[in-house]
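A.B. asks: Sending over structure34.txt (compact mmCIF, C-alpha atoms and all ligand atoms).
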```
# COMPACT_ATOMS: atom_id res chain seq x y z
CA MET L 1319 24.85 25.69 15.42
CA LYS L 1320 21.96 27.27 17.30
CA ILE L 1321 18.88 26.63 15.21
CA GLY L 1322 15.33 27.94 15.63
CA ILE L 1323 12.53 25.81 14.16
CA VAL L 1324 9.00 27.08 13.53
CA CYS L 1325 6.31 24.59 12.52
CA TYR L 1326 2.74 23.48 13.06
CA PRO L 1327 2.76 21.28 16.14
CA THR L 1328 -0.16 19.14 14.92
CA TYR L 1329 -0.22 15.72 13.24
CA GLY L 1330 0.37 17.12 9.70
CA GLY L 1331 3.38 15.94 7.73
CA SER L 1332 5.23 19.26 7.84
CA GLY L 1333 5.17 19.30 11.65
CA VAL L 1334 6.39 15.69 11.77
CA VAL L 1335 9.29 16.43 9.41
CA ALA L 1336 10.24 19.59 11.34
CA THR L 1337 10.17 17.77 14.67
CA GLU L 1338 12.15 14.75 13.50
CA LEU L 1339 14.68 17.06 11.85
CA GLY L 1340 15.09 19.06 15.07
CA LYS L 1341 15.52 15.88 17.13
CA GLY L 1342 18.09 14.57 14.66
CA LEU L 1343 20.03 17.84 14.67
CA ALA L 1344 20.02 17.90 18.48
CA ARG L 1345 21.38 14.32 18.56
CA LYS L 1346 24.26 15.57 16.41
CA GLY L 1347 25.07 18.25 18.99
CA HIS L 1348 23.27 21.30 17.59
CA GLN L 1349 21.17 23.39 19.94
CA VAL L 1350 17.61 23.36 18.64
CA HIS L 1351 14.77 25.69 19.70
CA PHE L 1352 11.20 24.91 18.67
CA ILE L 1353 8.96 27.97 18.61
CA THR L 1354 5.26 27.27 18.18
CA TYR L 1355 1.89 27.47 19.94
CA SER L 1356 2.02 24.04 21.58
CA GLN L 1357 4.49 21.21 22.02
CA PRO L 1358 4.93 19.41 18.65
CA ALA L 1359 3.22 16.00 18.72
CA ARG L 1360 6.41 13.98 18.21
CA LEU L 1361 8.44 16.02 20.70
CA SER L 1362 6.43 15.16 23.79
CA ALA L 1363 8.12 11.83 24.55
CA THR L 1364 11.62 13.27 24.23
CA PHE L 1365 13.95 14.93 26.67
CA GLN L 1366 17.25 16.03 25.25
CA GLU L 1367 19.59 18.48 26.86
CA ASN L 1368 20.01 20.64 23.77
CA LEU L 1369 16.35 20.59 22.69
CA TYR L 1370 14.18 23.55 23.75
CA PHE L 1371 10.52 24.41 23.31
CA HIS L 1372 9.24 28.01 23.46
CA GLU L 1373 5.48 28.27 23.58
CA VAL L 1374 3.92 31.18 21.73
CA ARG L 1375 1.24 32.47 24.07
CA ASN L 1376 -1.48 34.63 22.72
CA LEU L 1377 -3.36 37.44 24.37
CA ASP L 1378 -7.06 37.09 24.97
CA TYR L 1379 -8.75 40.41 24.48
CA PRO L 1380 -12.47 41.00 23.96
CA LEU L 1381 -11.89 42.92 20.72
CA PHE L 1382 -10.15 39.96 19.07
CA GLU L 1383 -12.57 37.56 17.53
CA HIS L 1384 -9.52 35.78 16.07
CA THR L 1385 -6.43 36.20 18.20
CA PRO L 1386 -3.50 37.61 16.15
CA TYR L 1387 -1.16 34.59 16.27
CA GLU L 1388 1.21 36.04 13.67
CA THR L 1389 1.93 39.06 15.84
CA ALA L 1390 2.53 36.94 18.92
CA LEU L 1391 4.80 34.57 16.93
CA ALA L 1392 6.84 37.43 15.45
CA SER L 1393 7.37 38.93 18.91
CA LYS L 1394 8.37 35.54 20.32
CA LEU L 1395 10.80 35.00 17.46
CA VAL L 1396 12.47 38.36 18.11
CA ASP L 1397 12.83 37.43 21.76
CA VAL L 1398 14.16 33.90 21.25
CA ILE L 1399 16.52 34.81 18.40
CA LYS L 1400 17.97 37.69 20.41
CA TYR L 1401 18.33 36.07 23.83
CA GLU L 1402 19.20 32.53 22.74
CA LYS L 1403 21.60 33.99 20.14
CA LEU L 1404 20.34 31.82 17.31
CA ASP L 1405 22.47 31.41 14.18
CA ILE L 1406 19.65 30.52 11.82
CA LEU L 1407 15.86 30.27 11.73
CA HIS L 1408 14.20 27.42 9.80
CA VAL L 1409 10.48 27.76 9.16
CA HIS L 1410 8.35 24.87 7.92
CA TYR L 1411 5.24 25.53 5.80
CA ALA L 1412 5.24 28.97 4.20
CA ILE L 1413 1.91 30.20 5.56
CA PRO L 1414 2.20 32.22 7.78
CA HIS L 1415 5.66 31.21 9.00
CA ALA L 1416 7.72 32.67 6.12
CA ASN L 1417 6.10 36.12 6.32
CA VAL L 1418 6.27 36.15 10.12
CA ALA L 1419 9.97 35.24 9.94
CA TYR L 1420 10.53 38.12 7.51
CA LEU L 1421 8.88 40.53 9.95
CA ALA L 1422 10.98 39.27 12.87
CA LYS L 1423 14.11 39.55 10.75
CA LYS L 1424 13.31 43.16 9.85
CA ILE L 1425 12.68 44.04 13.51
CA LEU L 1426 16.01 42.48 14.52
CA LEU L 1427 17.80 44.35 11.74
CA THR L 1428 16.78 47.65 13.36
CA GLU L 1429 18.91 46.49 16.31
CA GLY L 1430 21.80 45.40 14.09
CA LYS L 1431 21.12 41.65 14.45
CA TYR L 1432 21.17 39.54 11.26
CA ILE L 1433 19.22 36.29 11.28
CA PRO L 1434 19.24 34.14 8.15
CA VAL L 1435 15.87 32.53 7.40
CA VAL L 1436 15.33 29.21 5.62
CA THR L 1437 11.82 28.35 4.45
CA THR L 1438 10.86 24.76 3.66
CA LEU L 1439 7.88 24.33 1.35
CA HIS L 1440 5.91 21.21 2.19
CA GLY L 1441 3.03 20.97 -0.22
CA THR L 1442 -0.35 22.49 0.38
CA ASP L 1443 1.34 25.78 1.35
CA ILE L 1444 1.94 25.95 -2.43
CA THR L 1445 -0.44 23.57 -4.18
CA LEU L 1446 -3.80 24.06 -2.48
CA VAL L 1447 -3.68 26.93 -0.03
CA GLY L 1448 -0.73 29.00 -1.23
CA LYS L 1449 -2.00 29.41 -4.78
CA ASN L 1450 -5.31 30.77 -3.56
CA PRO L 1451 -5.57 34.55 -4.15
CA THR L 1452 -6.33 34.91 -0.41
CA PHE L 1453 -2.65 34.16 0.28
CA ALA L 1454 -0.72 34.13 -3.03
CA PRO L 1455 0.90 37.61 -2.98
CA VAL L 1456 2.21 37.11 0.57
CA VAL L 1457 3.43 33.59 -0.16
CA ALA L 1458 5.38 34.73 -3.25
CA PHE L 1459 6.81 37.74 -1.44
CA SER L 1460 7.95 35.82 1.62
CA ILE L 1461 9.52 33.01 -0.43
CA ASN L 1462 11.52 35.62 -2.35
CA LYS L 1463 12.53 37.29 0.91
CA SER L 1464 13.75 34.07 2.55
CA ASP L 1465 17.52 33.67 2.54
CA GLY L 1466 17.19 30.01 1.62
CA VAL L 1467 14.26 28.01 0.26
CA THR L 1468 13.94 24.24 0.16
CA ALA L 1469 11.20 22.01 -1.24
CA VAL L 1470 10.54 18.39 -0.26
CA SER L 1471 10.40 17.11 -3.86
CA GLU L 1472 11.32 18.04 -7.43
CA SER L 1473 7.62 18.16 -8.24
CA LEU L 1474 6.94 20.75 -5.54
CA LYS L 1475 9.90 22.83 -6.72
CA ARG L 1476 8.47 22.80 -10.28
CA GLU L 1477 4.99 23.72 -9.08
CA THR L 1478 6.37 26.61 -7.04
CA TYR L 1479 8.17 28.04 -10.10
CA ASP L 1480 5.09 27.42 -12.27
CA HIS L 1481 2.68 29.25 -10.02
CA PHE L 1482 4.68 32.10 -8.51
CA LYS L 1483 7.23 34.58 -9.78
CA ILE L 1484 10.17 33.27 -7.78
CA ASN L 1485 13.63 34.78 -8.09
CA LYS L 1486 15.26 32.38 -5.63
CA GLU L 1487 17.03 29.10 -6.25
CA ILE L 1488 14.97 26.38 -4.57
CA GLU L 1489 16.97 23.46 -3.21
CA VAL L 1490 15.28 20.06 -3.09
CA ILE L 1491 15.94 18.26 0.17
CA TYR L 1492 13.81 15.15 0.42
CA ASN L 1493 11.93 14.10 3.53
CA PHE L 1494 13.51 11.27 5.48
CA ILE L 1495 12.96 8.23 7.66
CA ASP L 1496 14.30 7.44 11.09
CA PHE L 1497 15.02 3.72 10.80
CA GLU L 1498 15.50 3.48 14.57
CA ARG L 1499 11.76 3.88 14.73
CA PHE L 1500 10.32 2.81 11.38
CA ARG L 1501 11.23 -0.81 10.76
CA ARG L 1502 9.20 -3.96 10.56
CA SER L 1503 8.81 -5.62 13.93
CA ASP L 1504 7.14 -8.85 14.92
CA LYS L 1505 3.53 -8.15 15.94
CA GLU L 1506 2.06 -11.60 15.23
CA HIS L 1507 -0.38 -11.52 18.17
CA PHE L 1508 -1.78 -8.18 16.98
CA LYS L 1509 -2.02 -9.43 13.39
CA LYS L 1510 -4.00 -12.44 14.61
CA ALA L 1511 -6.42 -10.15 16.45
CA ILE L 1512 -7.07 -8.03 13.36
CA ALA L 1513 -7.01 -10.78 10.74
CA PRO L 1514 -7.77 -14.06 12.57
CA ASN L 1515 -8.18 -16.07 9.37
CA GLY L 1516 -5.05 -14.84 7.65
CA GLU L 1517 -6.82 -12.09 5.72
CA LYS L 1518 -4.65 -9.51 3.91
CA ILE L 1519 -4.35 -6.22 5.78
CA LEU L 1520 -4.63 -2.95 3.86
CA ILE L 1521 -3.86 0.31 5.64
CA HIS L 1522 -4.25 4.04 5.13
CA VAL L 1523 -2.80 6.75 7.39
CA SER L 1524 -3.66 10.44 7.02
CA ASN L 1525 -5.41 13.42 8.54
CA PHE L 1526 -8.59 12.63 6.59
CA ARG L 1527 -8.75 15.87 4.64
CA LYS L 1528 -10.53 16.08 1.27
CA VAL L 1529 -7.21 15.94 -0.61
CA LYS L 1530 -6.60 12.42 0.76
CA ARG L 1531 -9.74 11.06 -1.03
CA ILE L 1532 -10.60 8.65 1.79
CA THR L 1533 -13.67 7.39 -0.04
CA ASP L 1534 -11.34 6.15 -2.81
CA VAL L 1535 -9.53 4.09 -0.16
CA ILE L 1536 -12.87 2.47 0.72
CA LYS L 1537 -13.74 1.88 -2.95
CA VAL L 1538 -10.37 0.24 -3.63
CA PHE L 1539 -10.71 -1.89 -0.51
CA LYS L 1540 -14.22 -3.04 -1.50
CA ARG L 1541 -12.93 -4.21 -4.90
CA VAL L 1542 -9.98 -6.05 -3.31
CA ARG L 1543 -12.18 -7.64 -0.63
CA ASP L 1544 -14.54 -8.96 -3.32
CA VAL L 1545 -11.63 -11.06 -4.62
CA LEU L 1546 -9.35 -11.66 -1.62
CA PRO L 1547 -10.32 -12.00 2.06
CA SER L 1548 -9.00 -8.76 3.55
CA LYS L 1549 -9.25 -6.16 6.30
CA LEU L 1550 -8.77 -2.39 6.19
CA LEU L 1551 -7.17 -0.28 8.91
CA LEU L 1552 -7.87 3.46 8.76
CA VAL L 1553 -5.51 5.45 10.94
CA GLY L 1554 -6.06 9.14 11.66
CA ASP L 1555 -8.99 11.47 11.90
CA GLY L 1556 -10.32 14.57 10.21
CA PRO L 1557 -13.21 16.17 8.35
CA GLU L 1558 -13.78 13.32 5.85
CA ARG L 1559 -14.09 10.53 8.40
CA SER L 1560 -17.87 10.59 8.66
CA ASP L 1561 -18.27 10.32 4.86
CA ALA L 1562 -15.98 7.30 4.92
CA GLU L 1563 -17.94 5.71 7.76
CA ARG L 1564 -21.18 6.28 5.86
CA MET L 1565 -19.76 4.66 2.73
CA CYS L 1566 -18.66 1.58 4.70
CA ARG L 1567 -22.21 1.20 6.01
CA GLU L 1568 -23.72 1.62 2.54
CA LEU L 1569 -21.34 -0.98 1.11
CA ASN L 1570 -22.00 -3.28 4.06
CA ILE L 1571 -18.29 -3.81 4.79
CA CYS L 1572 -18.12 -2.38 8.32
CA GLU L 1573 -17.06 -5.65 9.93
CA ASP L 1574 -13.87 -5.62 7.82
CA VAL L 1575 -12.96 -1.95 8.32
CA ARG L 1576 -11.44 -0.60 11.53
CA PHE L 1577 -11.35 3.16 12.14
CA LEU L 1578 -8.50 3.51 14.64
CA GLY L 1579 -8.46 7.31 15.00
CA LYS L 1580 -5.24 9.20 15.72
CA GLN L 1581 -2.44 6.85 16.73
CA ASP L 1582 1.10 7.64 17.80
CA PRO L 1583 2.86 4.28 17.31
CA VAL L 1584 2.06 4.12 13.58
CA GLU L 1585 5.00 1.79 13.02
CA GLU L 1586 3.29 -0.90 15.13
CA LEU L 1587 0.27 -0.77 12.85
CA LEU L 1588 2.39 -0.74 9.71
CA ALA L 1589 4.17 -3.81 11.07
CA ILE L 1590 1.11 -5.98 10.41
CA ALA L 1591 0.12 -4.42 7.08
CA ASP L 1592 0.44 -5.94 3.61
CA LEU L 1593 -0.40 -2.89 1.51
CA PHE L 1594 -0.60 0.88 1.95
CA ILE L 1595 -3.22 2.87 0.02
CA LEU L 1596 -2.65 6.56 -0.77
CA PRO L 1597 -5.10 7.81 -3.43
CA SER L 1598 -4.43 11.56 -2.85
CA GLY L 1599 -5.57 14.23 -5.28
CA THR L 1600 -2.27 15.99 -4.73
CA GLU L 1601 0.71 14.97 -2.62
CA SER L 1602 4.00 16.82 -2.71
CA PHE L 1603 5.96 13.95 -1.16
CA GLY L 1604 3.88 11.38 0.73
CA LEU L 1605 5.74 10.87 3.98
CA ALA L 1606 3.10 8.40 5.17
CA ALA L 1607 3.87 6.20 2.13
CA LEU L 1608 7.60 6.35 2.85
CA GLU L 1609 7.01 5.35 6.48
CA ALA L 1610 5.03 2.36 5.21
CA MET L 1611 7.82 1.40 2.80
CA ALA L 1612 10.37 1.54 5.62
CA CYS L 1613 8.18 -1.05 7.37
CA GLU L 1614 8.28 -3.19 4.21
CA VAL L 1615 4.78 -2.33 3.08
CA PRO L 1616 4.30 -1.79 -0.70
CA VAL L 1617 2.24 1.22 -1.82
CA ILE L 1618 -0.75 1.70 -4.11
CA SER L 1619 -0.92 5.42 -4.81
CA THR L 1620 -1.88 7.98 -7.38
CA ASN L 1621 0.73 9.50 -9.68
CA ALA L 1622 0.05 12.99 -8.28
CA GLY L 1623 2.79 15.47 -7.35
CA GLY L 1624 5.95 13.97 -5.88
CA LEU L 1625 4.57 10.43 -5.40
CA PRO L 1626 6.42 9.04 -8.47
CA GLU L 1627 9.67 10.20 -6.84
CA ILE L 1628 8.94 7.94 -3.85
CA ASN L 1629 6.82 5.04 -5.11
CA LEU L 1630 8.41 3.26 -8.07
CA GLN L 1631 5.99 1.85 -10.62
CA GLY L 1632 5.94 -1.96 -10.63
CA LYS L 1633 8.74 -2.12 -8.06
CA THR L 1634 7.71 -0.68 -4.69
CA GLY L 1635 4.04 -0.56 -5.67
CA PHE L 1636 1.93 0.98 -8.42
CA LEU L 1637 0.72 4.46 -9.41
CA SER L 1638 -2.63 5.26 -11.02
CA ASP L 1639 -4.41 8.39 -12.20
CA VAL L 1640 -6.31 10.26 -9.51
CA GLY L 1641 -9.74 8.66 -9.05
CA ASP L 1642 -8.99 5.50 -11.07
CA VAL L 1643 -10.03 3.12 -8.30
CA ASP L 1644 -10.43 0.19 -10.71
CA ASP L 1645 -6.78 0.41 -11.70
CA MET L 1646 -5.70 0.79 -8.06
CA ALA L 1647 -7.72 -2.29 -7.06
CA LYS L 1648 -6.34 -4.32 -9.99
CA ASN L 1649 -2.79 -3.36 -8.99
CA ALA L 1650 -3.44 -4.12 -5.33
CA ILE L 1651 -4.68 -7.60 -6.21
CA SER L 1652 -1.67 -8.19 -8.46
CA ILE L 1653 0.65 -7.57 -5.48
CA LEU L 1654 -1.40 -9.48 -2.91
CA LYS L 1655 -2.30 -12.48 -5.08
CA ASP L 1656 0.69 -14.61 -4.07
CA GLU L 1657 3.31 -14.58 -1.33
CA ALA L 1658 6.30 -14.53 -3.70
CA THR L 1659 5.14 -11.34 -5.43
CA LEU L 1660 4.29 -9.64 -2.14
CA LYS L 1661 7.71 -10.60 -0.77
CA GLU L 1662 9.47 -9.08 -3.79
CA PHE L 1663 7.51 -5.79 -3.47
CA ARG L 1664 8.23 -5.70 0.27
CA LYS L 1665 11.95 -6.08 -0.36
CA ASN L 1666 11.95 -3.33 -3.02
CA ALA L 1667 9.94 -1.00 -0.78
CA LEU L 1668 12.50 -1.30 2.00
CA GLU L 1669 15.40 -0.84 -0.39
CA GLN L 1670 13.87 2.35 -1.82
CA ALA L 1671 13.03 3.69 1.68
CA ARG L 1672 16.67 3.25 2.69
CA THR L 1673 17.70 5.95 0.19
CA PHE L 1674 15.71 8.39 2.38
CA ASP L 1675 17.49 7.42 5.60
CA LEU L 1676 17.70 10.32 8.07
CA ASP L 1677 21.46 9.74 8.28
CA ASN L 1678 21.78 10.54 4.57
CA ILE L 1679 19.41 13.54 4.44
CA LEU L 1680 20.35 15.35 7.66
CA PRO L 1681 23.84 16.35 6.43
CA ASN L 1682 22.13 18.05 3.45
CA TYR L 1683 20.28 20.36 5.86
CA GLU L 1684 23.45 21.02 7.87
CA ALA L 1685 25.38 21.89 4.70
CA TYR L 1686 22.53 24.07 3.45
CA TYR L 1687 22.33 26.01 6.74
CA GLN L 1688 26.08 26.59 6.63
CA LYS L 1689 25.90 27.80 3.03
CA ILE L 1690 23.14 30.28 3.90
CA ILE L 1691 24.98 31.52 7.01
CA ASP L 1692 28.19 31.98 5.01
CA THR L 1693 26.33 33.89 2.29
CA MET L 1694 24.80 36.18 4.93
CA VAL L 1695 28.21 36.92 6.44
CA PHE L 1696 29.44 37.81 2.95
CA ASP L 1697 26.37 40.05 2.28
CA LYS L 1698 26.87 41.77 5.63
CA ALA L 1699 30.46 42.56 4.70
CA ILE L 1700 29.22 44.24 1.50
CA VAL L 1701 26.53 46.21 3.33
CA SER L 1702 28.76 47.51 6.10
O1 LIG N 1 -0.95 16.38 3.99
C1 LIG N 1 -0.58 16.32 5.17
O2 LIG N 1 -0.69 15.31 5.84
C2 LIG N 1 -0.02 17.52 5.83
C3 LIG N 1 0.84 18.33 4.97
C4 LIG N 1 1.51 19.41 5.72
O3 LIG N 1 2.02 20.28 5.06
O4 LIG N 1 1.55 19.42 6.96
O5 LIG N 1 1.72 17.44 4.28
C5 LIG N 1 2.53 17.91 3.24
O6 LIG N 1 3.85 17.83 3.76
C6 LIG N 1 4.33 16.51 4.02
C7 LIG N 1 5.71 16.62 4.65
O7 LIG N 1 6.61 17.29 3.83
C8 LIG N 1 4.34 15.72 2.71
O8 LIG N 1 4.82 14.41 2.96
C9 LIG N 1 2.91 15.65 2.16
O9 LIG N 1 2.96 15.02 0.89
C10 LIG N 1 2.34 17.06 1.99
N1 LIG N 1 0.90 16.95 1.70
C11 LIG N 1 0.40 17.31 0.51
O10 LIG N 1 1.07 17.74 -0.42
C12 LIG N 1 -1.06 17.12 0.36
```
Please go through the file and, once you have read it, give me the structure as structure tokens.
Ligand code: GMT

C.D. replies:
Amino acid sequence: MKIGIVCYPTYGGSGVVATELGKGLARKGHQVHFITYSQPARLSATFQENLYFHEVRNLDYPLFEHTPYETALASKLVDVIKYEKLDILHVHYAIPHANVAYLAKKILLTEGKYIPVVTTLHGTDITLVGKNPTFAPVVAFSINKSDGVTAVSESLKRETYDHFKINKEIEVIYNFIDFERFRRSDKEHFKKAIAPNGEKILIHVSNFRKVKRITDVIKVFKRVRDVLPSKLLLVGDGPERSDAERMCRELNICEDVRFLGKQDPVEELLAIADLFILPSGTESFGLAALEAMACEVPVISTNAGGLPEINLQGKTGFLSDVGDVDDMAKNAISILKDEATLKEFRKNALEQARTFDLDNILPNYEAYYQKIIDTMVFDKAIVS
């Protein structure tokens, strides 16, 4: 198949999923075209014959205070779909990609070209941003106008139906893990540098937005550290970082907390970790938690959104109500208190992560694309 992929090229989860999916599809022989405003973060280190990147360039004009990206993207889509003869377009994150795809599709229809569009909902495009009246009518419209719609968890599917009038069947296709990359490796020398006296290592990875509740990570860590010698690694960067830094200073725990900023080889950091903390206010899936589990790191999370579909209570970690840092700390200590318990949770985390292996999930996308393409061919026959 010739597949177009539109996504955010930044460090957000939706861009990571889109990029890893495209790379996986290309490895299986499909021709994959990424169309976005800069090279997706996880694509840069890759050269594959059947993997293409089309940069959406915008026009600088004195009248534009905000350059009209949507218009430039729609025009680029028309061009790429037409000249690369794409079979299907897959857009990740509804805003603005689903409505832009609809526009491109309508333009192509005037020239007799049919392009099926699949939209994957990732989370905040529904839960935080999408629901907002600023975007809601367009989000609902463009979901209904997509030929296929997928969501990354059952919880996100439910929320989409609860909040919008959707007349489309939403297919749940879970996010996945590439075990070639995410597996526990021996990083003893690094572990020694971070925790020279055998302290436990807690870790959090995110883009430090409000929804991630970074200060809850610090509060949980403080409570654990009061009982067990431990260190905290904070990976990523974003608007909430300075609040977190301030809290560490106020609590006088700076010497045990390392802010590592944005890091590419996350798996090398996960390789030395004992526990992953994800206290999000909402989380449709929690890819970062799954990546940790693939590296045999148990998870302390909230029970928000799709997290209970990933993190199994008392097995791969524990789930608490949003904001209940006392419960999270108690659960963290119960896992870390002895080696036998930690080992059992590590084993369960890996076992659960394996059910999300890329090799199992990728065929679901291939089958879904084929189903949508076949339906379009059938519809076309009725129309003509
Ligand atoms: O929250 C992020 O890190 C980014 C965000 C996005 O849309 O780029 O992530 C969402 O999509 C990820 C991939 O499907 C999910 O794993 C995250 O749970 C989801 N984030 C939220 O729902 C807050």

A.B. asks: Near Leu1426 in chain L, counting only C-alpha atoms, which residues have an atom at most 10 Å away, once you skip same-chain residues fewer than 4 positions from it, shown as a list in words?

C.D. replies: Leu1395, Val1396, Asp1397, Ile1399, Lys1400, Tyr1420, Leu1421, Ala1422, Gly1430, Lys1431, Tyr1432 and Ile1433 of chain L

A.B. asks: Need the shell around Glu1684 in chain L: protein/DNA/RNA residues with any atom at most 10 Å away, counting only C-alpha atoms. Skip same-chain ones fewer than 3 positions apart. Format as a ChimeraX atom specification?

C.D. replies: /L:1319,1343,1348,1679-1681,1687-1689

A.B. asks: Quick one: contact table of chain L to ligand LIG 1 (chain N), 9 Å max, nearest atom pair and distance in Å to one decimal per residue, counting all atoms listed in the file, chain and number order, as a Markdown table?

C.D. replies:
```
| residue | atom | partner | partner_atom | distance |
| --- | --- | --- | --- | --- |
| L:Cys1325 | CA | N:LIG1 | O4 | 9.0 |
| L:Tyr1326 | CA | N:LIG1 | O4 | 7.4 |
| L:Thr1328 | CA | N:LIG1 | O4 | 8.1 |
| L:Tyr1329 | CA | N:LIG1 | O2 | 7.4 |
| L:Gly1330 | CA | N:LIG1 | O4 | 3.8 |
| L:Gly1331 | CA | N:LIG1 | C6 | 3.9 |
| L:Ser1332 | CA | N:LIG1 | O4 | 3.8 |
| L:Gly1333 | CA | N:LIG1 | O4 | 5.9 |
| L:Val1334 | CA | N:LIG1 | C7 | 7.2 |
| L:Val1335 | CA | N:LIG1 | C7 | 6.0 |
| L:Ala1336 | CA | N:LIG1 | C7 | 8.6 |
| L:His1410 | CA | N:LIG1 | O3 | 8.3 |
| L:Tyr1411 | CA | N:LIG1 | O3 | 6.2 |
| L:Thr1438 | CA | N:LIG1 | O7 | 8.6 |
| L:Leu1439 | CA | N:LIG1 | O7 | 7.6 |
| L:His1440 | CA | N:LIG1 | O6 | 4.3 |
| L:Gly1441 | CA | N:LIG1 | O10 | 3.8 |
| L:Thr1442 | CA | N:LIG1 | O10 | 5.0 |
| L:Asp1443 | CA | N:LIG1 | O3 | 6.7 |
| L:Ile1444 | CA | N:LIG1 | O10 | 8.5 |
| L:Thr1445 | CA | N:LIG1 | O10 | 7.1 |
| L:Leu1446 | CA | N:LIG1 | C12 | 8.0 |
| L:Ala1469 | CA | N:LIG1 | O7 | 8.3 |
| L:Val1470 | CA | N:LIG1 | O7 | 5.8 |
| L:Ser1471 | CA | N:LIG1 | O7 | 8.6 |
| L:Leu1474 | CA | N:LIG1 | O10 | 8.4 |
| L:Tyr1492 | CA | N:LIG1 | O7 | 8.2 |
| L:Asn1493 | CA | N:LIG1 | O7 | 6.2 |
| L:Val1523 | CA | N:LIG1 | O2 | 9.0 |
| L:Ser1524 | CA | N:LIG1 | O2 | 5.8 |
| L:Asn1525 | CA | N:LIG1 | O2 | 5.8 |
| L:Phe1526 | CA | N:LIG1 | O2 | 8.4 |
| L:Arg1527 | CA | N:LIG1 | O1 | 7.8 |
| L:Val1529 | CA | N:LIG1 | C12 | 6.3 |
| L:Lys1530 | CA | N:LIG1 | C12 | 7.3 |
| L:Ser1598 | CA | N:LIG1 | C12 | 7.3 |
| L:Gly1599 | CA | N:LIG1 | C12 | 7.8 |
| L:Thr1600 | CA | N:LIG1 | C12 | 5.4 |
| L:Glu1601 | CA | N:LIG1 | O10 | 3.6 |
| L:Ser1602 | CA | N:LIG1 | O10 | 3.8 |
| L:Phe1603 | CA | N:LIG1 | O9 | 3.8 |
| L:Gly1604 | CA | N:LIG1 | O9 | 3.8 |
| L:Leu1605 | CA | N:LIG1 | O8 | 3.8 |
| L:Ala1606 | CA | N:LIG1 | O8 | 6.6 |
| L:Ala1607 | CA | N:LIG1 | O8 | 8.3 |
| L:Leu1608 | CA | N:LIG1 | O8 | 8.5 |
| L:Gly1623 | CA | N:LIG1 | O10 | 7.5 |
| L:Gly1624 | CA | N:LIG1 | O9 | 7.5 |
| L:Leu1625 | CA | N:LIG1 | O9 | 8.0 |
```

A.B. asks: Could you work out how far CA of Tyr1683 in chain L lies from CA of Ala1412 in chain L, giving the answer in Å with one decimal?

C.D. replies: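 Computing it gives 17.4 Å between the two atoms.
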
A.B. asks: Could you tell me how far CA of Glu1609 in chain L sits from CA of Phe1500 in chain L, in Å to one decimal place?

C.D. replies: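 These atoms are spaced 6.4 Å apart.
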
A.B. asks: What would the list of residues within 7 Å of (-0.4, 41.4, 23.2) (file frame) look like as a list in words, if only C-alpha atoms are what count?

C.D. replies: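 Residues with an atom at most 7 Å from (-0.4, 41.4, 23.2): Asn1376, Leu1377 and Ala1390 of chain L.
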
A.B. asks: Hey, can you check how far CA of Gln1357 in chain L sits from CA of Lys1403 in chain L?

C.D. replies: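 Separation of CA of Gln1357 in chain L and CA of Lys1403 in chain L: 21.4 Å.
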
A.B. asks: What's the 10 Å shell around Asn1621 in chain L, counting all atoms listed in the file, without same-chain residues fewer than 6 positions away, as a PDB file with C-alpha atoms, in the coordinates of the input?

C.D. replies:
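Generated file (around17.pdb):
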```pdb
ATOM      1  CA  LEU L1596      -2.650   6.560  -0.770  1.00  0.00           C
ATOM      2  CA  PRO L1597      -5.100   7.810  -3.430  1.00  0.00           C
ATOM      3  CA  SER L1598      -4.430  11.560  -2.850  1.00  0.00           C
ATOM      4  CA  GLY L1599      -5.570  14.230  -5.280  1.00  0.00           C
ATOM      5  CA  THR L1600      -2.270  15.990  -4.730  1.00  0.00           C
ATOM      6  CA  GLU L1601       0.710  14.970  -2.620  1.00  0.00           C
ATOM      7  CA  GLU L1627       9.670  10.200  -6.840  1.00  0.00           C
ATOM      8  CA  ASN L1629       6.820   5.040  -5.110  1.00  0.00           C
ATOM      9  CA  GLN L1631       5.990   1.850 -10.620  1.00  0.00           C
ATOM     10  CA  PHE L1636       1.930   0.980  -8.420  1.00  0.00           C
ATOM     11  CA  LEU L1637       0.720   4.460  -9.410  1.00  0.00           C
ATOM     12  CA  SER L1638      -2.630   5.260 -11.020  1.00  0.00           C
ATOM     13  CA  ASP L1639      -4.410   8.390 -12.200  1.00  0.00           C
ATOM     14  CA  VAL L1640      -6.310  10.260  -9.510  1.00  0.00           C
TER      15      VAL L1640
END
```

A.B. asks: Of the candidates L:Glu1586, L:Glu1568, L:Glu1383, L:Asp1692, which shows the shortest atom-to-atom distance to Val1553 in chain L, using only C-alpha atoms?

C.D. replies: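 Closest residue, counting only C-alpha atoms: L:Glu1586.
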
A.B. asks: Which residues are near range 1660-1662 of chain L? Cut-off 12 Å, all atoms listed in the file, ignore same chain within fewer than 3 positions. Put them as a PyMOL selection string.

C.D. replies: chain L and resi 1518+1591-1593+1614-1617+1632-1635+1649-1657+1665-1669

A.B. asks: Residues near Ala1562 in chain L, anyone? I mean within 9 Å using all atoms listed in the file, not counting same-chain ones fewer than 5 positions away, as an mmCIF file with C-alpha atoms, keeping the file's coordinate frame.

C.D. replies:
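Generated output (around-v4.cif):
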```cif
data_model
loop_
_atom_site.group_PDB
_atom_site.id
_atom_site.type_symbol
_atom_site.label_atom_id
_atom_site.label_comp_id
_atom_site.auth_asym_id
_atom_site.auth_seq_id
_atom_site.Cartn_x
_atom_site.Cartn_y
_atom_site.Cartn_z
ATOM 1 C CA ILE L 1532 -10.600 8.650 1.790
ATOM 2 C CA THR L 1533 -13.670 7.390 -0.040
ATOM 3 C CA VAL L 1535 -9.530 4.090 -0.160
ATOM 4 C CA ILE L 1536 -12.870 2.470 0.720
ATOM 5 C CA ARG L 1567 -22.210 1.200 6.010
#
```
